[in-house]
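Chemist: Got final.cif for you, mmCIF, C-alpha atoms:
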```cif
data_run
loop_
_atom_site.group_PDB
_atom_site.id
_atom_site.type_symbol
_atom_site.label_atom_id
_atom_site.label_comp_id
_atom_site.auth_asym_id
_atom_site.auth_seq_id
_atom_site.Cartn_x
_atom_site.Cartn_y
_atom_site.Cartn_z
ATOM 1 C CA MET B 13 0.000 0.000 0.000
ATOM 2 C CA PRO B 14 1.492 3.387 -0.959
ATOM 3 C CA LYS B 15 2.299 5.837 1.830
ATOM 4 C CA THR B 16 0.178 8.476 0.094
ATOM 5 C CA LEU B 17 -2.328 7.678 -2.635
ATOM 6 C CA ARG B 18 -1.816 9.941 -5.663
ATOM 7 C CA ILE B 19 -5.085 10.923 -7.338
ATOM 8 C CA GLY B 20 -4.558 12.587 -10.715
ATOM 9 C CA LEU B 21 -7.242 15.127 -11.674
ATOM 10 C CA VAL B 22 -6.816 15.512 -15.434
ATOM 11 C CA LEU B 23 -7.416 18.862 -17.182
ATOM 12 C CA PRO B 24 -9.910 20.343 -14.685
ATOM 13 C CA ASP B 25 -9.397 23.743 -16.319
ATOM 14 C CA VAL B 26 -11.054 22.545 -19.553
ATOM 15 C CA LEU B 27 -12.990 19.426 -18.508
ATOM 16 C CA GLY B 28 -14.457 20.651 -15.230
ATOM 17 C CA THR B 29 -17.769 22.172 -16.265
ATOM 18 C CA TYR B 30 -20.239 19.959 -14.403
ATOM 19 C CA GLY B 31 -18.709 19.507 -10.965
ATOM 20 C CA ASP B 32 -17.071 16.190 -11.845
ATOM 21 C CA ASP B 33 -13.933 17.356 -10.023
ATOM 22 C CA GLY B 34 -15.889 16.077 -7.031
ATOM 23 C CA ASN B 35 -15.020 12.518 -8.020
ATOM 24 C CA ALA B 36 -11.397 13.119 -7.041
ATOM 25 C CA LEU B 37 -12.562 14.649 -3.751
ATOM 26 C CA VAL B 38 -14.672 11.580 -2.998
ATOM 27 C CA LEU B 39 -11.735 9.245 -3.629
ATOM 28 C CA ARG B 40 -9.497 11.328 -1.376
ATOM 29 C CA GLN B 41 -12.041 11.513 1.441
ATOM 30 C CA ARG B 42 -12.949 7.819 1.368
ATOM 31 C CA ALA B 43 -9.254 6.930 1.480
ATOM 32 C CA ARG B 44 -8.541 9.302 4.371
ATOM 33 C CA MET B 45 -11.518 8.014 6.354
ATOM 34 C CA ARG B 46 -9.771 4.649 6.305
ATOM 35 C CA GLY B 47 -6.508 6.120 7.514
ATOM 36 C CA ILE B 48 -4.938 6.025 4.045
ATOM 37 C CA GLY B 49 -3.004 9.130 3.059
ATOM 38 C CA ALA B 50 -4.298 10.609 -0.197
ATOM 39 C CA GLU B 51 -3.643 13.772 -2.193
ATOM 40 C CA ILE B 52 -5.099 15.195 -5.398
ATOM 41 C CA GLU B 53 -2.652 16.319 -8.058
ATOM 42 C CA HIS B 54 -4.100 18.774 -10.603
ATOM 43 C CA PHE B 55 -2.802 18.481 -14.153
ATOM 44 C CA LEU B 56 -3.785 21.565 -16.117
ATOM 45 C CA LEU B 57 -3.656 22.217 -19.839
ATOM 46 C CA SER B 58 -0.101 23.551 -19.592
ATOM 47 C CA ASP B 59 1.143 20.554 -17.591
ATOM 48 C CA ASP B 60 2.565 17.219 -18.606
ATOM 49 C CA ILE B 61 0.571 14.264 -17.295
ATOM 50 C CA PRO B 62 2.681 11.729 -15.404
ATOM 51 C CA ALA B 63 2.038 8.024 -15.882
ATOM 52 C CA ASP B 64 2.603 7.064 -12.251
ATOM 53 C CA CYS B 65 -0.426 8.325 -10.306
ATOM 54 C CA ASP B 66 -2.371 5.592 -8.526
ATOM 55 C CA VAL B 67 -5.749 6.578 -10.001
ATOM 56 C CA TYR B 68 -6.986 9.254 -12.426
ATOM 57 C CA THR B 69 -10.256 11.129 -12.881
ATOM 58 C CA ILE B 70 -11.364 13.209 -15.851
ATOM 59 C CA GLY B 71 -14.601 15.163 -16.141
ATOM 60 C CA GLY B 72 -17.012 16.774 -18.565
ATOM 61 C CA GLY B 73 -17.058 19.864 -20.751
ATOM 62 C CA GLU B 74 -18.405 21.468 -23.907
ATOM 63 C CA ASP B 75 -17.414 20.799 -27.539
ATOM 64 C CA SER B 76 -14.550 23.291 -27.694
ATOM 65 C CA ALA B 77 -13.110 21.998 -24.432
ATOM 66 C CA GLN B 78 -13.248 18.431 -25.731
ATOM 67 C CA VAL B 79 -11.278 19.315 -28.861
ATOM 68 C CA ILE B 80 -8.630 21.098 -26.806
ATOM 69 C CA ALA B 81 -8.430 18.227 -24.313
ATOM 70 C CA ALA B 82 -8.096 15.568 -27.010
ATOM 71 C CA ALA B 83 -5.242 17.441 -28.692
ATOM 72 C CA ARG B 84 -3.417 17.944 -25.393
ATOM 73 C CA LEU B 85 -3.813 14.332 -24.247
ATOM 74 C CA ALA B 86 -2.523 13.125 -27.610
ATOM 75 C CA ALA B 87 0.508 15.415 -27.293
ATOM 76 C CA VAL B 88 1.405 14.382 -23.713
ATOM 77 C CA PRO B 89 0.509 10.668 -23.565
ATOM 78 C CA GLY B 90 0.999 10.070 -19.846
ATOM 79 C CA LEU B 91 -2.609 8.941 -19.441
ATOM 80 C CA GLN B 92 -2.169 6.401 -22.231
ATOM 81 C CA ALA B 93 0.949 5.057 -20.514
ATOM 82 C CA ALA B 94 -0.920 4.833 -17.194
ATOM 83 C CA ALA B 95 -3.695 2.837 -18.877
ATOM 84 C CA ALA B 96 -1.139 0.502 -20.434
ATOM 85 C CA ASP B 97 0.253 -0.045 -16.938
ATOM 86 C CA GLY B 98 -3.215 -0.944 -15.627
ATOM 87 C CA ARG B 99 -3.724 2.132 -13.454
ATOM 88 C CA PRO B 100 -7.450 2.875 -12.929
ATOM 89 C CA ILE B 101 -8.918 5.785 -14.885
ATOM 90 C CA PHE B 102 -12.422 7.147 -14.261
ATOM 91 C CA ALA B 103 -13.917 9.374 -16.981
ATOM 92 C CA VAL B 104 -17.260 11.163 -17.141
ATOM 93 C CA CYS B 105 -19.288 12.403 -20.131
ATOM 94 C CA ALA B 106 -16.993 14.481 -22.377
ATOM 95 C CA GLY B 107 -14.054 12.805 -20.676
ATOM 96 C CA MET B 108 -15.428 9.452 -21.795
ATOM 97 C CA GLN B 109 -15.882 10.697 -25.360
ATOM 98 C CA VAL B 110 -12.321 12.051 -25.521
ATOM 99 C CA LEU B 111 -10.956 8.670 -24.417
ATOM 100 C CA GLY B 112 -12.767 6.999 -27.319
ATOM 101 C CA ARG B 113 -11.739 6.590 -30.942
ATOM 102 C CA THR B 114 -13.743 9.510 -32.346
ATOM 103 C CA PHE B 115 -16.350 12.005 -31.167
ATOM 104 C CA THR B 116 -18.373 14.773 -32.773
ATOM 105 C CA ALA B 117 -17.760 18.428 -31.897
ATOM 106 C CA HIS B 118 -19.231 21.431 -33.713
ATOM 107 C CA GLY B 119 -20.582 19.013 -36.319
ATOM 108 C CA GLN B 120 -17.131 17.624 -37.128
ATOM 109 C CA THR B 121 -15.601 14.226 -36.374
ATOM 110 C CA VAL B 122 -12.613 14.569 -34.027
ATOM 111 C CA GLU B 123 -10.017 11.944 -33.153
ATOM 112 C CA GLY B 124 -9.978 10.796 -29.536
ATOM 113 C CA ILE B 125 -7.023 9.141 -27.861
ATOM 114 C CA GLY B 126 -8.293 5.591 -28.342
ATOM 115 C CA LEU B 127 -8.179 4.221 -24.807
ATOM 116 C CA ILE B 128 -11.661 2.789 -25.272
ATOM 117 C CA ASP B 129 -13.220 1.193 -28.336
ATOM 118 C CA ALA B 130 -16.089 3.658 -28.648
ATOM 119 C CA THR B 131 -17.312 6.286 -31.099
ATOM 120 C CA THR B 132 -19.617 9.177 -30.294
ATOM 121 C CA SER B 133 -21.879 11.136 -32.620
ATOM 122 C CA ALA B 134 -24.815 13.465 -32.044
ATOM 123 C CA MET B 135 -28.218 12.016 -31.143
ATOM 124 C CA ASP B 136 -31.467 13.571 -32.307
ATOM 125 C CA THR B 137 -32.605 14.310 -28.760
ATOM 126 C CA ARG B 138 -30.598 15.286 -25.695
ATOM 127 C CA ALA B 139 -30.573 12.748 -22.862
ATOM 128 C CA ILE B 140 -31.221 14.650 -19.640
ATOM 129 C CA GLY B 141 -32.451 13.442 -16.274
ATOM 130 C CA GLU B 142 -31.893 10.669 -13.775
ATOM 131 C CA VAL B 143 -30.257 7.513 -15.080
ATOM 132 C CA SER B 144 -29.819 4.216 -13.274
ATOM 133 C CA SER B 145 -28.441 0.858 -14.312
ATOM 134 C CA LEU B 146 -27.449 -2.565 -13.056
ATOM 135 C CA PRO B 147 -23.711 -3.282 -13.288
ATOM 136 C CA THR B 148 -22.641 -5.713 -15.998
ATOM 137 C CA ARG B 149 -19.654 -6.673 -13.829
ATOM 138 C CA ALA B 150 -17.442 -6.652 -16.904
ATOM 139 C CA GLY B 151 -13.679 -6.648 -16.546
ATOM 140 C CA ILE B 152 -12.365 -4.432 -13.769
ATOM 141 C CA THR B 153 -15.927 -3.975 -12.420
ATOM 142 C CA SER B 154 -16.491 -7.687 -11.713
ATOM 143 C CA GLU B 155 -16.934 -7.046 -7.971
ATOM 144 C CA LEU B 156 -19.728 -4.479 -8.367
ATOM 145 C CA THR B 157 -23.077 -5.637 -6.992
ATOM 146 C CA GLU B 158 -25.037 -2.438 -6.308
ATOM 147 C CA PRO B 159 -27.185 -0.442 -8.784
ATOM 148 C CA LEU B 160 -25.546 2.608 -10.351
ATOM 149 C CA THR B 161 -27.187 6.022 -10.285
ATOM 150 C CA GLY B 162 -26.468 9.491 -11.640
ATOM 151 C CA PHE B 163 -27.722 12.448 -13.655
ATOM 152 C CA GLU B 164 -27.166 12.360 -17.412
ATOM 153 C CA ASN B 165 -27.022 15.437 -19.630
ATOM 154 C CA HIS B 166 -25.583 14.702 -23.066
ATOM 155 C CA LEU B 167 -26.381 14.946 -26.756
ATOM 156 C CA GLY B 168 -23.632 12.544 -27.751
ATOM 157 C CA GLY B 169 -24.576 8.954 -28.456
ATOM 158 C CA THR B 170 -21.739 6.529 -27.726
ATOM 159 C CA VAL B 171 -21.546 3.225 -29.585
ATOM 160 C CA LEU B 172 -19.243 0.529 -28.227
ATOM 161 C CA GLY B 173 -16.922 -1.543 -30.393
ATOM 162 C CA PRO B 174 -16.048 -5.206 -29.751
ATOM 163 C CA GLU B 175 -13.156 -4.422 -27.394
ATOM 164 C CA ALA B 176 -15.325 -2.394 -25.000
ATOM 165 C CA HIS B 177 -18.028 -3.488 -22.571
ATOM 166 C CA ALA B 178 -20.897 -1.576 -20.997
ATOM 167 C CA LEU B 179 -20.639 -0.501 -17.364
ATOM 168 C CA GLY B 180 -24.357 -1.017 -16.719
ATOM 169 C CA LYS B 181 -27.660 -2.180 -18.207
ATOM 170 C CA VAL B 182 -30.093 0.736 -18.103
ATOM 171 C CA SER B 183 -33.122 0.404 -15.857
ATOM 172 C CA HIS B 184 -34.136 4.079 -16.021
ATOM 173 C CA GLY B 185 -33.056 6.868 -18.384
ATOM 174 C CA VAL B 186 -31.246 6.772 -21.722
ATOM 175 C CA GLY B 187 -27.622 5.811 -21.172
ATOM 176 C CA ASN B 188 -25.103 5.708 -24.016
ATOM 177 C CA THR B 189 -27.691 5.898 -26.793
ATOM 178 C CA SER B 190 -31.463 5.858 -27.072
ATOM 179 C CA GLU B 191 -31.340 2.391 -28.694
ATOM 180 C CA ALA B 192 -28.689 0.370 -26.844
ATOM 181 C CA SER B 193 -30.098 0.387 -23.258
ATOM 182 C CA VAL B 194 -26.588 0.308 -21.794
ATOM 183 C CA GLU B 195 -24.630 2.907 -19.845
ATOM 184 C CA GLY B 196 -20.938 3.661 -19.687
ATOM 185 C CA VAL B 197 -17.846 1.816 -20.826
ATOM 186 C CA VAL B 198 -15.402 -0.624 -19.240
ATOM 187 C CA GLN B 199 -12.173 -1.497 -21.019
ATOM 188 C CA GLY B 200 -8.922 -2.520 -19.385
ATOM 189 C CA SER B 201 -8.375 -0.227 -16.409
ATOM 190 C CA VAL B 202 -10.761 2.449 -17.755
ATOM 191 C CA VAL B 203 -14.243 2.950 -16.319
ATOM 192 C CA ALA B 204 -16.276 5.652 -18.056
ATOM 193 C CA THR B 205 -19.842 6.895 -17.715
ATOM 194 C CA TYR B 206 -22.364 9.609 -18.508
ATOM 195 C CA MET B 207 -23.345 9.801 -14.815
ATOM 196 C CA HIS B 208 -22.872 13.179 -13.182
ATOM 197 C CA GLY B 209 -23.692 13.739 -9.555
ATOM 198 C CA PRO B 210 -20.716 13.515 -8.943
ATOM 199 C CA ALA B 211 -20.912 9.858 -9.874
ATOM 200 C CA LEU B 212 -18.609 8.605 -7.113
ATOM 201 C CA ALA B 213 -20.555 10.483 -4.429
ATOM 202 C CA ARG B 214 -23.733 8.755 -5.601
ATOM 203 C CA ASN B 215 -22.063 5.354 -6.074
ATOM 204 C CA PRO B 216 -19.776 4.692 -3.098
ATOM 205 C CA GLN B 217 -19.202 1.061 -4.064
ATOM 206 C CA LEU B 218 -17.856 2.206 -7.430
ATOM 207 C CA ALA B 219 -15.617 4.731 -5.654
ATOM 208 C CA ASP B 220 -14.292 1.996 -3.392
ATOM 209 C CA LEU B 221 -13.715 -0.300 -6.366
ATOM 210 C CA LEU B 222 -11.454 2.345 -7.918
ATOM 211 C CA LEU B 223 -9.671 2.835 -4.601
ATOM 212 C CA ALA B 224 -9.153 -0.896 -4.200
ATOM 213 C CA ASN B 225 -7.653 -1.146 -7.668
ATOM 214 C CA ALA B 226 -5.435 1.869 -6.985
ATOM 215 C CA LEU B 227 -4.213 0.091 -3.845
ATOM 216 C CA ASP B 228 -3.744 -3.196 -5.732
ATOM 217 C CA MET B 229 -6.250 -5.049 -3.582
ATOM 218 C CA ARG B 230 -9.698 -6.567 -3.905
ATOM 219 C CA LEU B 231 -12.810 -4.564 -3.091
ATOM 220 C CA GLU B 232 -13.869 -7.131 -0.495
ATOM 221 C CA ASP B 233 -10.598 -6.582 1.382
ATOM 222 C CA LEU B 234 -11.071 -2.811 1.664
ATOM 223 C CA GLU B 235 -12.269 -1.717 5.092
ATOM 224 C CA PRO B 236 -16.014 -0.874 4.865
ATOM 225 C CA LEU B 237 -17.311 2.581 5.766
ATOM 226 C CA GLU B 238 -20.583 2.958 7.648
ATOM 227 C CA LEU B 239 -22.084 6.243 6.421
ATOM 228 C CA THR B 240 -25.816 6.107 7.148
ATOM 229 C CA LEU B 241 -26.631 9.534 5.705
ATOM 230 C CA ILE B 242 -24.928 8.725 2.403
ATOM 231 C CA ASP B 243 -26.837 5.443 2.208
ATOM 232 C CA ARG B 244 -30.153 7.233 2.826
ATOM 233 C CA LEU B 245 -29.479 9.873 0.169
ATOM 234 C CA ARG B 246 -28.474 7.174 -2.291
ATOM 235 C CA MET B 247 -31.683 5.221 -1.720
ATOM 236 C CA GLU B 248 -33.738 8.389 -2.268
ATOM 237 C CA ARG B 249 -32.071 8.851 -5.664
ATOM 238 C CA LEU B 250 -32.588 5.224 -6.613
ATOM 239 C CA ARG B 251 -36.294 5.472 -5.765
#
```
Before we go any further, please render this structure as structure tokens.
Modeler:
Amino acid sequence: MPKTLRIGLVLPDVLGTYGDDGNALVLRQRARMRGIGAEIEHFLLSDDIPADCDVYTIGGGEDSAQVIAAARLAAVPGLQAAAADGRPIFAVCAGMQVLGRTFTAHGQTVEGIGLIDATTSAMDTRAIGEVSSLPTRAGITSELTEPLTGFENHLGGTVLGPEAHALGKVSHGVGNTSEASVEGVVQGSVVATYMHGPALARNPQLADLLLANALDMRLEDLEPLELTLIDRLRMERLR
């Protein structure tokens, strides 16, 4: 177990529109509540991105921000190296699209950085509102057992290729597209989703799964946290 867990917050100055920076805060707090030292390292647009953080988070943004982020991540491929090394990466909304093969911005097809086998293009109708799903337990998420919940707000429809798997099967809301009835992406060490909230505040088991992987341990071996208020708020959202 590392002396201090390093949580990399990737490009919050361009992909930080919807409060998804909170995912890094949740990881830090849940680690510290277990007596594990944890710090957030901010990697801005002008910074290189190191490949040796223990876990990474990347958030959402608008079309212009996505284009800028994709170009920067392609130019400084630390995140790609971290993924190749199996370090967990959690991406939300535009962050998920940027990690894919291509996405649409301002009506044009833009190259992503290819960490996930997914392509995103505009849907006819924006998906907005509560979304919930049951975990597929694919790949790195095999230990998940609890329903996933969040708030989706996206016009992009993400189609998964054969190398990628869905994070969840939609029980309420739209998810990746209006036709597929699945939500999010799991591929290698990457977990991506359209869930805002922040997602890790609304899904503590998912947060702990990422922590466990960052600590190179199983979820079941991570000390449980008894947070009654969080559990009550979560159940309200699921209802």
Chemist: Just to confirm, what's the straight-line distance from CA of Thr153 (chain B) to CA of Ala82 (chain B) in Å (one decimal)?
Modeler: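 Going from CA of Thr153 (chain B) over to CA of Ala82 (chain B), I get 25.6 Å.
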Chemist: Can you measure CA of Val110 (chain B) to CA of Ala81 (chain B) for me? One decimal in Å is fine.
Modeler: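 Interatomic distance, CA of Val110 (chain B) to CA of Ala81 (chain B): 7.4 Å.
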Chemist: Got a sec to resolve the PyMOL selection byres ((chain B and resi 93) around 12) on this structure and send the residues as a ChimeraX atom specification?
Modeler: /B:61-65,85-86,88-92,94-101,125,127,201
Chemist: Return the single residue from B:Ala130, B:Leu146, B:Ala87, B:Leu237 that is closest to Ser183 (chain B), with distances computed using all atoms listed in the file.
Modeler: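 Closest to Ser183 (chain B), using all atoms listed in the file: B:Leu146.
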Chemist: Pick the closest to Thr132 (chain B) from B:Gly180, B:Gly168, B:Gly119, B:Pro216: which is it, counting only C-alpha atoms?
Modeler: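 Smallest separation from Thr132 (chain B) among the options: B:Gly168.
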Chemist: Quick one: distance from CA of Gln109 (chain B) to CA of Ala176 (chain B) in Å, one decimal?
Modeler: 13.1 Å
Chemist: The PyMOL selection byres ((chain B and resi 138) around 10) - which residues does that actually catch in the file I just gave you? List them as number ranges by chain.
Modeler: B: 134-137, 139-141, 164-169, 186, 189-190
Chemist: Around (-26.2, -1.3, -27.6), as given in the file, which residues come within 12 Å? Count only C-alpha atoms and list them as an mmCIF file with C-alpha atoms, in the frame of the given file.
Modeler:
```
data_model
loop_
_atom_site.group_PDB
_atom_site.id
_atom_site.type_symbol
_atom_site.label_atom_id
_atom_site.label_comp_id
_atom_site.auth_asym_id
_atom_site.auth_seq_id
_atom_site.Cartn_x
_atom_site.Cartn_y
_atom_site.Cartn_z
ATOM 1 C CA ALA B 130 -16.089 3.658 -28.648
ATOM 2 C CA GLY B 169 -24.576 8.954 -28.456
ATOM 3 C CA THR B 170 -21.739 6.529 -27.726
ATOM 4 C CA VAL B 171 -21.546 3.225 -29.585
ATOM 5 C CA LEU B 172 -19.243 0.529 -28.227
ATOM 6 C CA GLY B 173 -16.922 -1.543 -30.393
ATOM 7 C CA PRO B 174 -16.048 -5.206 -29.751
ATOM 8 C CA ALA B 176 -15.325 -2.394 -25.000
ATOM 9 C CA HIS B 177 -18.028 -3.488 -22.571
ATOM 10 C CA ALA B 178 -20.897 -1.576 -20.997
ATOM 11 C CA LEU B 179 -20.639 -0.501 -17.364
ATOM 12 C CA GLY B 180 -24.357 -1.017 -16.719
ATOM 13 C CA LYS B 181 -27.660 -2.180 -18.207
ATOM 14 C CA VAL B 182 -30.093 0.736 -18.103
ATOM 15 C CA VAL B 186 -31.246 6.772 -21.722
ATOM 16 C CA GLY B 187 -27.622 5.811 -21.172
ATOM 17 C CA ASN B 188 -25.103 5.708 -24.016
ATOM 18 C CA THR B 189 -27.691 5.898 -26.793
ATOM 19 C CA SER B 190 -31.463 5.858 -27.072
ATOM 20 C CA GLU B 191 -31.340 2.391 -28.694
ATOM 21 C CA ALA B 192 -28.689 0.370 -26.844
ATOM 22 C CA SER B 193 -30.098 0.387 -23.258
ATOM 23 C CA VAL B 194 -26.588 0.308 -21.794
ATOM 24 C CA GLU B 195 -24.630 2.907 -19.845
ATOM 25 C CA GLY B 196 -20.938 3.661 -19.687
ATOM 26 C CA VAL B 197 -17.846 1.816 -20.826
#
```
Chemist: Excluding Ala213 (chain B) and residues on its chain fewer than 5 positions from it, collect all residues at most 9 Å away from it, counting all atoms listed in the file, and give them as a ChimeraX atom specification.
Modeler: /B:34-35,38-39,219,242,246
